[in-house]
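Reading through the structure tokens given below for one structure.
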Amino acid sequence: MDTEDKLKQDLIAVCRVIAHQGLADAFAHVSARLPGAESMVFMPGKSPALVTLEELFVVDLHTLVSQSAVHQAIYRARPEVMAIVHTHPTRAITLSLVGETVRPIHNDSVMFWQGVPLYDILGRVNDSETADKIARVLGLCGAILLRGHGALTVAGNLRDACLLSIYLERTARMLLEVAPLGRAKEFPREQAKEFTPQFFNDSSNQRAWEHFKQQAGVA
């Protein structure tokens with residue numbers, strides 16, 4: 001199996017997992033950069049729960065197609081990013097509505113030690129100028145919230161970008177549940193950075209990935 005075929009299979013798996021996790025309505029989207037190329041594997045404007053392997057396609061990082069702008073902007077700005085997952089997670093969006101964001105408060109959120117910036121402008125992203133602004137706000141972080149819209153997670157592979165989207169929403173849920181009791185105590189930045197390799201590493205991530213795929217009925 002060549003690289004493109006493998007990426008397409010993994011992309012479909014991510015689509016099914018985020019749909020099963022309740023992170024993807026009909027308008028979420030996922031992409032993967034082709035190694036060594038200025039192009040990405042992308043999906044049509046279709047629900048992640050329904051998109052098929054045959055419908056995936058390759059587009060360069062400059063030609064706009066439906067929903068592609070922010071993916072292309074991030075890949076242009078971040079050469080190390082190989083995968084992007086855009087979801088519409090209810091609890092994370094709820095936090096964004098009051099100007100709050102996800103913070104590293106438990107083991108499965110220490111990997112957000114750099115912060116999860118909030119892009120504080122409403123609306124869809126259909127143009128390169130807005131997409132470039134989002135990429136600048138994201139900076140070197142692994143995730144960003146778009147106020148009233150959704151979230152983007154980025155990583156070196158599709159598996160990890162998918163897991164970040166799950167952990168982001170899980171953390172948002174905890175923050176909302178604890179809010180009536182007070183403000184959740186978070187890990188100091190340096191401590192969260194130090195702990196990240198313990199909880200977000202290849203072995204642990206593969207174990208989690210197999211779990212979530214099995215739950216979603218993905219081989």
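Going through the structure tokens in order, the chains are called A, B, and so on, while each chain numbers its residues from 1 and the ligands are numbered from 1 in the order shown.
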Distance table requested - stretch 65-169 of chain A against stretch 42-54 of chain A, cut-off 8 Å, only C-alpha atoms: one row per qualifying residue with the closest atom pair and its distance in Å to one decimal, ordered by chain and rising residue number, as a tab-separated table.
residue	atom	partner	partner_atom	distance
A:Ser66	CA	A:Gly45	CA	6.4
A:Gln67	CA	A:Gly45	CA	7.3
A:Ser68	CA	A:Phe42	CA	7.8
Write out the residues from the selection above, keeping all heavy atoms, as a PDB file, in the first residue's frame.
ATOM      1  N   SER A  66     -13.946  23.670  -1.691  1.00  0.00           N
ATOM      2  CA  SER A  66     -14.873  23.841  -0.579  1.00  0.00           C
ATOM      3  C   SER A  66     -14.234  23.436   0.743  1.00  0.00           C
ATOM      4  O   SER A  66     -13.738  22.314   0.888  1.00  0.00           O
ATOM      5  CB  SER A  66     -16.125  22.996  -0.827  1.00  0.00           C
ATOM      6  OG  SER A  66     -17.004  23.062   0.282  1.00  0.00           O
ATOM      7  N   GLN A  67     -14.202  24.359   1.706  1.00  0.00           N
ATOM      8  CA  GLN A  67     -13.760  24.147   3.087  1.00  0.00           C
ATOM      9  C   GLN A  67     -12.257  23.931   3.243  1.00  0.00           C
ATOM     10  O   GLN A  67     -11.788  23.555   4.321  1.00  0.00           O
ATOM     11  CB  GLN A  67     -14.517  22.963   3.719  1.00  0.00           C
ATOM     12  CG  GLN A  67     -16.028  23.136   3.740  1.00  0.00           C
ATOM     13  CD  GLN A  67     -16.758  21.938   4.329  1.00  0.00           C
ATOM     14  OE1 GLN A  67     -16.377  20.783   4.129  1.00  0.00           O
ATOM     15  NE2 GLN A  67     -17.824  22.215   5.067  1.00  0.00           N
ATOM     16  N   SER A  68     -11.477  24.186   2.197  1.00  0.00           N
ATOM     17  CA  SER A  68     -10.044  23.848   2.255  1.00  0.00           C
ATOM     18  C   SER A  68      -9.153  24.952   2.797  1.00  0.00           C
ATOM     19  O   SER A  68      -8.015  24.688   3.194  1.00  0.00           O
ATOM     20  CB  SER A  68      -9.546  23.480   0.854  1.00  0.00           C
ATOM     21  OG  SER A  68      -9.470  24.641   0.012  1.00  0.00           O
TER      22      SER A  68
END
Task: DSSP-assigned helix (DSSP H, G or I) among stretch 45-210 of chain A, expressed as a PyMOL selection string - done: chain A and resi 53-55+69-77+90-97+107-112+128-138+158-181+189-199+202-210
Task: Distance of atom CA of A:Gly22 from atom CA of A:Cys141, expressed in Å to one decimal place - done: 23.4 Å
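Distances here use only C-alpha atoms; by that measure, the residue among A:Arg33, A:Arg136, A:His62, A:Lys193 closest to A:Met111 is A:Lys193.
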